[in-house]
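Student: Input file: work18.txt. Contents: compact mmCIF, N, CA and C atoms.
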```txt
# COMPACT_ATOMS: atom_id res chain seq x y z
N MET A 1 -28.38 64.92 3.99
CA MET A 1 -28.84 63.57 4.21
C MET A 1 -29.50 63.05 2.95
N GLN A 2 -30.17 63.93 2.24
CA GLN A 2 -30.81 63.50 1.00
C GLN A 2 -29.78 62.95 0.02
N LYS A 3 -28.62 63.59 -0.07
CA LYS A 3 -27.57 63.09 -0.97
C LYS A 3 -27.14 61.68 -0.56
N ALA A 4 -27.02 61.44 0.71
CA ALA A 4 -26.63 60.11 1.19
C ALA A 4 -27.66 59.06 0.78
N VAL A 5 -28.94 59.37 0.95
CA VAL A 5 -30.01 58.43 0.59
C VAL A 5 -30.01 58.19 -0.92
N TRP A 6 -29.83 59.25 -1.71
CA TRP A 6 -29.79 59.08 -3.16
C TRP A 6 -28.63 58.17 -3.56
N ARG A 7 -27.47 58.38 -2.95
CA ARG A 7 -26.31 57.56 -3.29
C ARG A 7 -26.50 56.10 -2.87
N LEU A 8 -27.14 55.89 -1.72
CA LEU A 8 -27.48 54.53 -1.31
C LEU A 8 -28.39 53.87 -2.35
N ALA A 9 -29.44 54.57 -2.71
CA ALA A 9 -30.43 54.03 -3.64
C ALA A 9 -29.82 53.76 -5.02
N ASP A 10 -28.86 54.58 -5.43
CA ASP A 10 -28.21 54.42 -6.72
C ASP A 10 -27.09 53.38 -6.70
N GLY A 11 -26.74 52.89 -5.50
CA GLY A 11 -25.62 51.97 -5.38
C GLY A 11 -24.29 52.65 -5.65
N ASP A 12 -24.22 53.94 -5.40
CA ASP A 12 -23.05 54.76 -5.71
C ASP A 12 -22.09 54.82 -4.51
N THR A 13 -21.25 53.81 -4.39
CA THR A 13 -20.32 53.77 -3.26
C THR A 13 -19.31 54.90 -3.32
N GLU A 14 -18.83 55.24 -4.51
CA GLU A 14 -17.87 56.35 -4.63
C GLU A 14 -18.50 57.67 -4.21
N GLY A 15 -19.71 57.92 -4.66
CA GLY A 15 -20.41 59.16 -4.29
C GLY A 15 -20.69 59.23 -2.81
N LEU A 16 -21.06 58.10 -2.21
CA LEU A 16 -21.31 58.06 -0.77
C LEU A 16 -20.00 58.30 -0.01
N ALA A 17 -18.93 57.66 -0.44
CA ALA A 17 -17.63 57.85 0.21
C ALA A 17 -17.16 59.30 0.10
N ALA A 18 -17.55 59.98 -0.96
CA ALA A 18 -17.17 61.39 -1.14
C ALA A 18 -17.82 62.30 -0.10
N LEU A 19 -18.86 61.84 0.56
CA LEU A 19 -19.52 62.63 1.61
C LEU A 19 -18.80 62.50 2.96
N ALA A 20 -17.77 61.69 3.02
CA ALA A 20 -17.08 61.43 4.29
C ALA A 20 -16.35 62.67 4.80
N VAL A 21 -16.35 62.82 6.14
CA VAL A 21 -15.62 63.92 6.76
C VAL A 21 -14.16 63.56 6.99
N ASP A 22 -13.85 62.29 6.89
CA ASP A 22 -12.46 61.85 6.92
C ASP A 22 -12.35 60.70 5.94
N ASP A 23 -11.17 60.27 5.66
CA ASP A 23 -11.04 59.22 4.64
C ASP A 23 -10.38 57.95 5.17
N THR A 24 -10.55 57.68 6.45
CA THR A 24 -9.87 56.53 7.01
C THR A 24 -10.55 55.21 6.64
N GLN A 25 -11.86 55.15 6.69
CA GLN A 25 -12.58 53.89 6.41
C GLN A 25 -13.79 54.14 5.53
N ASP A 26 -13.78 55.23 4.78
CA ASP A 26 -14.95 55.63 4.02
C ASP A 26 -15.33 54.66 2.91
N ASP A 27 -14.36 54.10 2.19
CA ASP A 27 -14.69 53.19 1.09
C ASP A 27 -15.35 51.90 1.60
N ALA A 28 -14.79 51.30 2.64
CA ALA A 28 -15.36 50.07 3.19
C ALA A 28 -16.74 50.34 3.78
N THR A 29 -16.89 51.45 4.48
CA THR A 29 -18.19 51.79 5.07
C THR A 29 -19.22 52.05 3.97
N ALA A 30 -18.84 52.79 2.94
CA ALA A 30 -19.78 53.06 1.84
C ALA A 30 -20.22 51.75 1.20
N ARG A 31 -19.31 50.83 0.98
CA ARG A 31 -19.69 49.52 0.41
C ARG A 31 -20.66 48.78 1.34
N ASN A 32 -20.38 48.80 2.65
CA ASN A 32 -21.28 48.15 3.61
C ASN A 32 -22.67 48.76 3.57
N TRP A 33 -22.72 50.08 3.59
CA TRP A 33 -24.03 50.75 3.61
C TRP A 33 -24.82 50.47 2.33
N VAL A 34 -24.15 50.55 1.18
CA VAL A 34 -24.85 50.29 -0.08
C VAL A 34 -25.33 48.84 -0.13
N LYS A 35 -24.49 47.91 0.28
CA LYS A 35 -24.90 46.51 0.28
C LYS A 35 -26.08 46.27 1.21
N ALA A 36 -26.04 46.86 2.39
CA ALA A 36 -27.09 46.62 3.39
C ALA A 36 -28.38 47.38 3.12
N PHE A 37 -28.29 48.61 2.64
CA PHE A 37 -29.47 49.47 2.55
C PHE A 37 -29.84 49.89 1.14
N GLY A 38 -28.95 49.69 0.18
CA GLY A 38 -29.10 50.26 -1.16
C GLY A 38 -30.40 49.93 -1.87
N ALA A 39 -30.69 48.65 -2.04
CA ALA A 39 -31.87 48.26 -2.81
C ALA A 39 -33.15 48.78 -2.16
N ALA A 40 -33.26 48.65 -0.86
CA ALA A 40 -34.46 49.10 -0.16
C ALA A 40 -34.55 50.62 -0.11
N ALA A 41 -33.40 51.31 -0.13
CA ALA A 41 -33.40 52.77 -0.09
C ALA A 41 -33.94 53.39 -1.37
N ALA A 42 -34.04 52.60 -2.42
CA ALA A 42 -34.63 53.09 -3.67
C ALA A 42 -36.14 53.29 -3.52
N GLU A 43 -36.70 52.76 -2.47
CA GLU A 43 -38.13 52.92 -2.18
C GLU A 43 -38.31 54.05 -1.17
N ASP A 44 -39.15 53.86 -0.19
CA ASP A 44 -39.51 54.89 0.78
C ASP A 44 -38.54 54.92 1.96
N VAL A 45 -37.92 56.08 2.20
CA VAL A 45 -37.03 56.28 3.34
C VAL A 45 -37.49 57.54 4.07
N THR A 46 -37.63 57.42 5.38
CA THR A 46 -38.01 58.56 6.23
C THR A 46 -36.84 58.88 7.14
N ALA A 47 -36.60 60.16 7.36
CA ALA A 47 -35.51 60.59 8.24
C ALA A 47 -36.06 61.41 9.40
N ASP A 48 -35.66 61.05 10.60
CA ASP A 48 -35.95 61.84 11.80
C ASP A 48 -34.65 62.50 12.24
N PHE A 49 -34.71 63.79 12.54
CA PHE A 49 -33.54 64.56 12.93
C PHE A 49 -33.61 64.87 14.42
N TYR A 50 -32.51 64.63 15.11
CA TYR A 50 -32.45 64.82 16.56
C TYR A 50 -31.37 65.84 16.91
N ASP A 51 -31.57 66.51 18.01
CA ASP A 51 -30.66 67.52 18.55
C ASP A 51 -30.63 68.75 17.66
N GLU A 52 -29.87 69.74 18.05
CA GLU A 52 -30.01 71.05 17.45
C GLU A 52 -29.28 71.24 16.13
N GLY A 53 -28.22 70.57 15.84
CA GLY A 53 -27.63 70.54 14.51
C GLY A 53 -26.71 71.67 14.10
N SER A 54 -26.21 72.49 15.01
CA SER A 54 -25.32 73.57 14.59
C SER A 54 -23.93 73.05 14.22
N VAL A 55 -23.48 71.97 14.84
CA VAL A 55 -22.18 71.39 14.53
C VAL A 55 -22.32 69.96 14.04
N ARG A 56 -23.24 69.23 14.65
CA ARG A 56 -23.51 67.86 14.23
C ARG A 56 -24.97 67.55 14.56
N GLN A 57 -25.50 66.60 13.83
CA GLN A 57 -26.89 66.23 14.05
C GLN A 57 -27.04 64.73 13.85
N VAL A 58 -27.77 64.13 14.76
CA VAL A 58 -28.06 62.71 14.66
C VAL A 58 -29.32 62.56 13.80
N VAL A 59 -29.21 61.68 12.81
CA VAL A 59 -30.32 61.43 11.91
C VAL A 59 -30.59 59.93 11.94
N VAL A 60 -31.85 59.57 12.06
CA VAL A 60 -32.25 58.17 12.02
C VAL A 60 -33.04 57.95 10.73
N LEU A 61 -32.53 57.04 9.91
CA LEU A 61 -33.21 56.68 8.67
C LEU A 61 -34.07 55.44 8.91
N TYR A 62 -35.29 55.50 8.43
CA TYR A 62 -36.22 54.37 8.49
C TYR A 62 -36.47 53.93 7.05
N VAL A 63 -36.02 52.73 6.71
CA VAL A 63 -36.16 52.20 5.36
C VAL A 63 -37.41 51.32 5.35
N ALA A 64 -38.46 51.82 4.73
CA ALA A 64 -39.78 51.17 4.83
C ALA A 64 -39.79 49.76 4.26
N LYS A 65 -39.23 49.57 3.08
CA LYS A 65 -39.32 48.27 2.41
C LYS A 65 -38.67 47.15 3.22
N SER A 66 -37.53 47.41 3.83
CA SER A 66 -36.80 46.38 4.57
C SER A 66 -37.06 46.42 6.07
N GLY A 67 -37.64 47.53 6.56
CA GLY A 67 -37.84 47.68 7.99
C GLY A 67 -36.57 48.03 8.75
N GLN A 68 -35.51 48.35 8.02
CA GLN A 68 -34.24 48.68 8.66
C GLN A 68 -34.26 50.09 9.25
N ILE A 69 -33.47 50.25 10.30
CA ILE A 69 -33.30 51.55 10.95
C ILE A 69 -31.80 51.81 11.03
N LYS A 70 -31.38 52.99 10.58
CA LYS A 70 -29.95 53.32 10.55
C LYS A 70 -29.72 54.69 11.19
N GLU A 71 -28.84 54.74 12.18
CA GLU A 71 -28.43 56.00 12.79
C GLU A 71 -27.20 56.52 12.06
N ILE A 72 -27.26 57.79 11.68
CA ILE A 72 -26.14 58.45 11.02
C ILE A 72 -25.91 59.78 11.72
N GLU A 73 -24.67 60.13 11.90
CA GLU A 73 -24.34 61.44 12.47
C GLU A 73 -23.86 62.33 11.33
N ALA A 74 -24.60 63.40 11.06
CA ALA A 74 -24.19 64.37 10.06
C ALA A 74 -23.38 65.46 10.76
N ARG A 75 -22.30 65.87 10.17
CA ARG A 75 -21.47 66.93 10.74
C ARG A 75 -21.51 68.14 9.84
N VAL A 76 -21.75 69.29 10.44
CA VAL A 76 -21.83 70.54 9.71
C VAL A 76 -20.46 71.19 9.73
N GLY A 77 -20.00 71.59 8.55
CA GLY A 77 -18.69 72.22 8.44
C GLY A 77 -18.79 73.68 8.05
N GLU A 78 -17.71 74.19 7.53
CA GLU A 78 -17.67 75.58 7.10
C GLU A 78 -18.67 75.81 5.97
N ASP A 79 -19.20 77.02 5.91
CA ASP A 79 -20.17 77.39 4.87
C ASP A 79 -21.36 76.45 4.82
N ASP A 80 -21.75 75.91 5.99
CA ASP A 80 -22.89 75.00 6.11
C ASP A 80 -22.76 73.74 5.27
N SER A 81 -21.53 73.36 4.92
CA SER A 81 -21.33 72.09 4.24
C SER A 81 -21.62 70.97 5.25
N CYS A 82 -21.91 69.81 4.74
CA CYS A 82 -22.27 68.70 5.61
C CYS A 82 -21.53 67.45 5.17
N GLY A 83 -21.09 66.66 6.13
CA GLY A 83 -20.40 65.42 5.82
C GLY A 83 -20.79 64.33 6.80
N LEU A 84 -20.40 63.13 6.50
CA LEU A 84 -20.74 61.97 7.31
C LEU A 84 -19.46 61.27 7.77
N PRO A 85 -19.38 60.90 9.04
CA PRO A 85 -18.24 60.10 9.48
C PRO A 85 -18.47 58.64 9.08
N LEU A 86 -17.86 58.24 8.01
CA LEU A 86 -18.03 56.87 7.51
C LEU A 86 -16.97 55.98 8.14
N ALA A 87 -17.25 55.51 9.34
CA ALA A 87 -16.27 54.74 10.11
C ALA A 87 -16.88 53.42 10.60
N GLU A 88 -17.52 52.70 9.70
CA GLU A 88 -18.12 51.41 10.04
C GLU A 88 -17.68 50.34 9.04
N PRO A 89 -16.40 49.97 9.06
CA PRO A 89 -15.93 48.99 8.09
C PRO A 89 -16.41 47.56 8.37
N ASP A 90 -16.91 47.31 9.58
CA ASP A 90 -17.45 46.00 9.93
C ASP A 90 -18.92 45.96 9.52
N PRO A 91 -19.34 45.03 8.65
CA PRO A 91 -20.73 44.98 8.21
C PRO A 91 -21.73 44.89 9.36
N ALA A 92 -21.39 44.19 10.42
CA ALA A 92 -22.32 44.08 11.57
C ALA A 92 -22.52 45.44 12.22
N GLU A 93 -21.47 46.22 12.33
CA GLU A 93 -21.57 47.56 12.90
C GLU A 93 -22.39 48.47 11.99
N ALA A 94 -22.17 48.35 10.69
CA ALA A 94 -22.85 49.20 9.73
C ALA A 94 -24.36 48.96 9.71
N THR A 95 -24.79 47.76 10.06
CA THR A 95 -26.22 47.42 10.00
C THR A 95 -26.88 47.36 11.38
N ALA A 96 -26.13 47.66 12.43
CA ALA A 96 -26.69 47.59 13.79
C ALA A 96 -27.79 48.64 13.98
N LYS A 97 -28.90 48.21 14.55
CA LYS A 97 -29.99 49.13 14.88
C LYS A 97 -29.61 49.95 16.10
N PRO A 98 -29.91 51.24 16.09
CA PRO A 98 -29.65 52.04 17.29
C PRO A 98 -30.57 51.60 18.42
N SER A 99 -30.03 51.42 19.60
CA SER A 99 -30.83 50.93 20.73
C SER A 99 -31.78 51.99 21.28
N TRP A 100 -31.52 53.23 21.04
CA TRP A 100 -32.28 54.32 21.63
C TRP A 100 -33.39 54.85 20.73
N ALA A 101 -33.34 54.57 19.44
CA ALA A 101 -34.27 55.19 18.48
C ALA A 101 -35.66 54.58 18.57
N PRO A 102 -36.69 55.40 18.35
CA PRO A 102 -38.05 54.86 18.31
C PRO A 102 -38.17 53.82 17.20
N PRO A 103 -39.02 52.82 17.35
CA PRO A 103 -39.13 51.77 16.35
C PRO A 103 -39.78 52.23 15.04
N LYS A 104 -40.47 53.37 15.06
CA LYS A 104 -41.13 53.89 13.88
C LYS A 104 -40.79 55.36 13.72
N PRO A 105 -40.80 55.88 12.49
CA PRO A 105 -40.51 57.30 12.29
C PRO A 105 -41.54 58.18 12.96
N GLY A 106 -41.15 59.41 13.17
CA GLY A 106 -42.05 60.38 13.77
C GLY A 106 -41.72 60.66 15.22
N GLY A 107 -40.63 60.10 15.72
CA GLY A 107 -40.19 60.38 17.08
C GLY A 107 -39.73 61.82 17.19
N SER A 108 -39.56 62.25 18.39
CA SER A 108 -39.09 63.62 18.57
C SER A 108 -38.21 63.68 19.79
N GLY A 109 -37.56 64.82 19.95
CA GLY A 109 -36.76 65.03 21.14
C GLY A 109 -35.29 64.92 20.87
N SER A 110 -34.57 64.67 21.91
CA SER A 110 -33.13 64.63 21.85
C SER A 110 -32.63 63.27 22.30
N ARG A 111 -31.56 62.84 21.73
CA ARG A 111 -30.97 61.58 22.10
C ARG A 111 -30.05 61.77 23.30
N THR A 112 -29.71 63.02 23.67
CA THR A 112 -28.58 63.26 24.57
C THR A 112 -28.91 63.84 25.93
N SER A 113 -30.13 63.94 26.33
CA SER A 113 -30.50 64.42 27.67
C SER A 113 -29.90 65.78 28.01
N GLY A 114 -29.92 66.70 27.08
CA GLY A 114 -29.50 68.07 27.36
C GLY A 114 -28.07 68.40 27.01
N ALA A 115 -27.17 67.44 26.98
CA ALA A 115 -25.78 67.74 26.62
C ALA A 115 -25.64 67.66 25.09
N PRO A 116 -24.80 68.51 24.50
CA PRO A 116 -24.59 68.41 23.07
C PRO A 116 -24.09 67.03 22.69
N TYR A 117 -24.56 66.49 21.57
CA TYR A 117 -24.19 65.16 21.15
C TYR A 117 -22.67 65.07 21.00
N GLY A 118 -22.12 64.03 21.56
CA GLY A 118 -20.69 63.77 21.41
C GLY A 118 -19.85 64.44 22.48
N SER A 119 -20.46 65.21 23.38
CA SER A 119 -19.63 65.88 24.39
C SER A 119 -19.48 65.02 25.62
```
Step by step, read the file and then write its structure as structure tokens.
Tutor:
Amino acid sequence: MQKAVWRLADGDTEGLAALAVDDTQDDATARNWVKAFGAAAAEDVTADFYDEGSVRQVVVLYVAKSGQIKEIEARVGEDDSCGLPLAEPDPAEATAKPSWAPPKPGGSGSRTSGAPYGS
């Protein structure tokens, strides 16, 4: 997740797209994320991690300067590699606040009520 935040802050759309777990919409999504969050991500960003994370983990980024909140699903691959499903080519989708996330960082618990995320 740190790599994703660094790439956002640097305006590095190619580097962000390289973190994608698939390549269907990664370039458009990376451009949307950098445009929406990039400048503010160069300042203070806090990440809350939800669920257990053996295969995938929901991460909520709180961008202090802009007050933005972004939900990202990190997927764990072979050899503990990690990637992001960059599938938000619509700018409105890319910037949508998660309806379930706490309004401020420091939340805890699970987003999924006991079932593994995505099942």
Student: Provide the atom N of Ala47 in chain A to atom N of Thr24 in chain A distance in Å, to one decimal place.
Tutor: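 Going from atom N of Ala47 in chain A over to atom N of Thr24 in chain A, I get 26.2 Å.
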Student: What is the distance between CA of Ala36 in chain A and atom N of Phe49 in chain A, in Å to one decimal?
Tutor: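 Calculated distance between CA of Ala36 in chain A and atom N of Phe49 in chain A is 20.9 Å.
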Student: Using DSSP secondary structure from the backbone, list all strand (DSSP E) positions within chain A, as a list in words.
Tutor: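 Here are the strand (DSSP E) residues of chain A: Val45, Thr46, Ala47, Asp48, Phe49, Tyr50, Arg56, Gln57, Val58, Val59, Val60, Leu61, Tyr62, Val63, Gln68, Ile69, Lys70, Glu71, Ile72, Glu73, Ala74, Arg75, Val76, Cys82 and Gly83 of chain A.
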Student: Could you state the separation of atom N of Val34 in chain A and atom N of Leu8 in chain A in Å, given to one decimal place?
Tutor: 6.8 Å
Student: Mind checking DSSP for range 14-47 of chain A and telling me the alpha helix (DSSP H) residues as JSON, numbers by chain?
Tutor: {"A": [14, 15, 16, 17, 26, 27, 28, 29, 30, 31, 32, 33, 34, 35, 36, 37, 38, 39, 40, 41]}
Student: May I have the residues within 8 Å of Gln25 in chain A as a list in words, using only N, CA and C atoms and disregarding those fewer than 6 positions away in the same chain?
Tutor: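 Selected residues are Ala17, Arg31, Pro85, Leu86, Ala87, Glu88 and Pro89 of chain A.
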Student: Find the residues around Gly53 in chain A up to 7 Å (only N, CA and C atoms counted), leave out those fewer than 4 positions away in its own chain, and share them as an NGL selection string.
Tutor: :A and (57-58 or 76)
Student: Quick one: of A:Glu14, A:Asp51, A:Glu71, A:Asp26, who's nearest to Ala94 in chain A, counting all atoms listed in the file?
Tutor: A:Glu71
Student: Here is a test: counting only C-alpha atoms, which residue of A:Pro91, A:Gly77, A:Pro105, A:Gly11 is nearest to Val63 in chain A?
Tutor: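 Selected residue with least distance to Val63 in chain A: A:Pro105.
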Student: Just the residues within 8 Å of Ala96 in chain A, please, counting all atoms listed in the file, with nothing from its chain fewer than 6 positions along; format it as a PDB file with N, CA and C atoms, keeping the file's coordinate frame.
Tutor:
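This went into selection_26.pdb:
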```
ATOM      1  N   ILE A  69     -33.470  50.250  10.300  1.00  0.00           N
ATOM      2  CA  ILE A  69     -33.300  51.550  10.950  1.00  0.00           C
ATOM      3  C   ILE A  69     -31.800  51.810  11.030  1.00  0.00           C
ATOM      4  N   LYS A  70     -31.380  52.990  10.580  1.00  0.00           N
ATOM      5  CA  LYS A  70     -29.950  53.320  10.550  1.00  0.00           C
ATOM      6  C   LYS A  70     -29.720  54.690  11.190  1.00  0.00           C
ATOM      7  N   GLU A  71     -28.840  54.740  12.180  1.00  0.00           N
ATOM      8  CA  GLU A  71     -28.430  56.000  12.790  1.00  0.00           C
ATOM      9  C   GLU A  71     -27.200  56.520  12.060  1.00  0.00           C
ATOM     10  N   ASP A  90     -16.910  47.310   9.580  1.00  0.00           N
ATOM     11  CA  ASP A  90     -17.450  46.000   9.930  1.00  0.00           C
ATOM     12  C   ASP A  90     -18.920  45.960   9.520  1.00  0.00           C
TER      13      ASP A  90
END
```
Student: Taking (-20.3, 57.7, -4.6) in the file's own coordinates, collect the residues within 12 Å, counting only C-alpha atoms, and hand them back as a PyMOL selection string.
Tutor: chain A and resi 3-20+26-31+33-34
Student: Can you tell me which residues surround Ser66 in chain A at a distance of at most 8 Å, considering only N, CA and C atoms, apart from same-chain residues fewer than 3 positions away, and format the answer as an MDAnalysis selection string?
Tutor: chainID A and resid 39:41 44 62:63 69
Student: Name the closest residue to Lys97 in chain A among the candidates A:Leu61, A:Cys82, A:Ala74, A:Val55; distances are taken between atoms, counting only C-alpha atoms.
Tutor: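 Answer, going by the shortest atom-to-atom distance: A:Leu61.
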Student: Can you give me N, CA, C and O atoms for range 17-34 of chain A, written as a PDB file, in the frame of the given file?
Tutor:
```pdb
ATOM      1  N   ALA A  17     -18.930  57.660  -0.440  1.00  0.00           N
ATOM      2  CA  ALA A  17     -17.630  57.850   0.210  1.00  0.00           C
ATOM      3  C   ALA A  17     -17.160  59.300   0.100  1.00  0.00           C
ATOM      4  O   ALA A  17     -16.481  59.807   0.991  1.00  0.00           O
ATOM      5  N   ALA A  18     -17.550  59.980  -0.960  1.00  0.00           N
ATOM      6  CA  ALA A  18     -17.170  61.390  -1.140  1.00  0.00           C
ATOM      7  C   ALA A  18     -17.820  62.300  -0.100  1.00  0.00           C
ATOM      8  O   ALA A  18     -17.362  63.420   0.109  1.00  0.00           O
ATOM      9  N   LEU A  19     -18.860  61.840   0.560  1.00  0.00           N
ATOM     10  CA  LEU A  19     -19.520  62.630   1.610  1.00  0.00           C
ATOM     11  C   LEU A  19     -18.800  62.500   2.960  1.00  0.00           C
ATOM     12  O   LEU A  19     -19.201  63.147   3.928  1.00  0.00           O
ATOM     13  N   ALA A  20     -17.770  61.690   3.020  1.00  0.00           N
ATOM     14  CA  ALA A  20     -17.080  61.430   4.290  1.00  0.00           C
ATOM     15  C   ALA A  20     -16.350  62.670   4.800  1.00  0.00           C
ATOM     16  O   ALA A  20     -15.820  63.455   4.028  1.00  0.00           O
ATOM     17  N   VAL A  21     -16.350  62.820   6.140  1.00  0.00           N
ATOM     18  CA  VAL A  21     -15.620  63.920   6.760  1.00  0.00           C
ATOM     19  C   VAL A  21     -14.160  63.560   6.990  1.00  0.00           C
ATOM     20  O   VAL A  21     -13.347  64.414   7.274  1.00  0.00           O
ATOM     21  N   ASP A  22     -13.850  62.290   6.890  1.00  0.00           N
ATOM     22  CA  ASP A  22     -12.460  61.850   6.920  1.00  0.00           C
ATOM     23  C   ASP A  22     -12.350  60.700   5.940  1.00  0.00           C
ATOM     24  O   ASP A  22     -13.339  60.232   5.400  1.00  0.00           O
ATOM     25  N   ASP A  23     -11.170  60.270   5.660  1.00  0.00           N
ATOM     26  CA  ASP A  23     -11.040  59.220   4.640  1.00  0.00           C
ATOM     27  C   ASP A  23     -10.380  57.950   5.170  1.00  0.00           C
ATOM     28  O   ASP A  23      -9.770  57.202   4.422  1.00  0.00           O
ATOM     29  N   THR A  24     -10.550  57.680   6.450  1.00  0.00           N
ATOM     30  CA  THR A  24      -9.870  56.530   7.010  1.00  0.00           C
ATOM     31  C   THR A  24     -10.550  55.210   6.640  1.00  0.00           C
ATOM     32  O   THR A  24      -9.870  54.251   6.319  1.00  0.00           O
ATOM     33  N   GLN A  25     -11.860  55.150   6.690  1.00  0.00           N
ATOM     34  CA  GLN A  25     -12.580  53.890   6.410  1.00  0.00           C
ATOM     35  C   GLN A  25     -13.790  54.140   5.530  1.00  0.00           C
ATOM     36  O   GLN A  25     -14.723  53.343   5.528  1.00  0.00           O
ATOM     37  N   ASP A  26     -13.780  55.230   4.780  1.00  0.00           N
ATOM     38  CA  ASP A  26     -14.950  55.630   4.020  1.00  0.00           C
ATOM     39  C   ASP A  26     -15.330  54.660   2.910  1.00  0.00           C
ATOM     40  O   ASP A  26     -16.502  54.379   2.711  1.00  0.00           O
ATOM     41  N   ASP A  27     -14.360  54.100   2.190  1.00  0.00           N
ATOM     42  CA  ASP A  27     -14.690  53.190   1.090  1.00  0.00           C
ATOM     43  C   ASP A  27     -15.350  51.900   1.600  1.00  0.00           C
ATOM     44  O   ASP A  27     -16.373  51.475   1.071  1.00  0.00           O
ATOM     45  N   ALA A  28     -14.790  51.300   2.640  1.00  0.00           N
ATOM     46  CA  ALA A  28     -15.360  50.070   3.190  1.00  0.00           C
ATOM     47  C   ALA A  28     -16.740  50.340   3.780  1.00  0.00           C
ATOM     48  O   ALA A  28     -17.671  49.547   3.592  1.00  0.00           O
ATOM     49  N   THR A  29     -16.890  51.450   4.480  1.00  0.00           N
ATOM     50  CA  THR A  29     -18.190  51.790   5.070  1.00  0.00           C
ATOM     51  C   THR A  29     -19.220  52.050   3.970  1.00  0.00           C
ATOM     52  O   THR A  29     -20.356  51.575   4.068  1.00  0.00           O
ATOM     53  N   ALA A  30     -18.840  52.790   2.940  1.00  0.00           N
ATOM     54  CA  ALA A  30     -19.780  53.060   1.840  1.00  0.00           C
ATOM     55  C   ALA A  30     -20.220  51.750   1.200  1.00  0.00           C
ATOM     56  O   ALA A  30     -21.413  51.581   0.903  1.00  0.00           O
ATOM     57  N   ARG A  31     -19.310  50.830   0.980  1.00  0.00           N
ATOM     58  CA  ARG A  31     -19.690  49.520   0.410  1.00  0.00           C
ATOM     59  C   ARG A  31     -20.660  48.780   1.340  1.00  0.00           C
ATOM     60  O   ARG A  31     -21.655  48.214   0.877  1.00  0.00           O
ATOM     61  N   ASN A  32     -20.380  48.800   2.650  1.00  0.00           N
ATOM     62  CA  ASN A  32     -21.280  48.150   3.610  1.00  0.00           C
ATOM     63  C   ASN A  32     -22.670  48.760   3.570  1.00  0.00           C
ATOM     64  O   ASN A  32     -23.670  48.045   3.575  1.00  0.00           O
ATOM     65  N   TRP A  33     -22.720  50.080   3.590  1.00  0.00           N
ATOM     66  CA  TRP A  33     -24.030  50.750   3.610  1.00  0.00           C
ATOM     67  C   TRP A  33     -24.820  50.470   2.330  1.00  0.00           C
ATOM     68  O   TRP A  33     -26.011  50.207   2.377  1.00  0.00           O
ATOM     69  N   VAL A  34     -24.150  50.550   1.180  1.00  0.00           N
ATOM     70  CA  VAL A  34     -24.850  50.290  -0.080  1.00  0.00           C
ATOM     71  C   VAL A  34     -25.330  48.840  -0.130  1.00  0.00           C
ATOM     72  O   VAL A  34     -26.466  48.576  -0.537  1.00  0.00           O
TER      73      VAL A  34
END
```
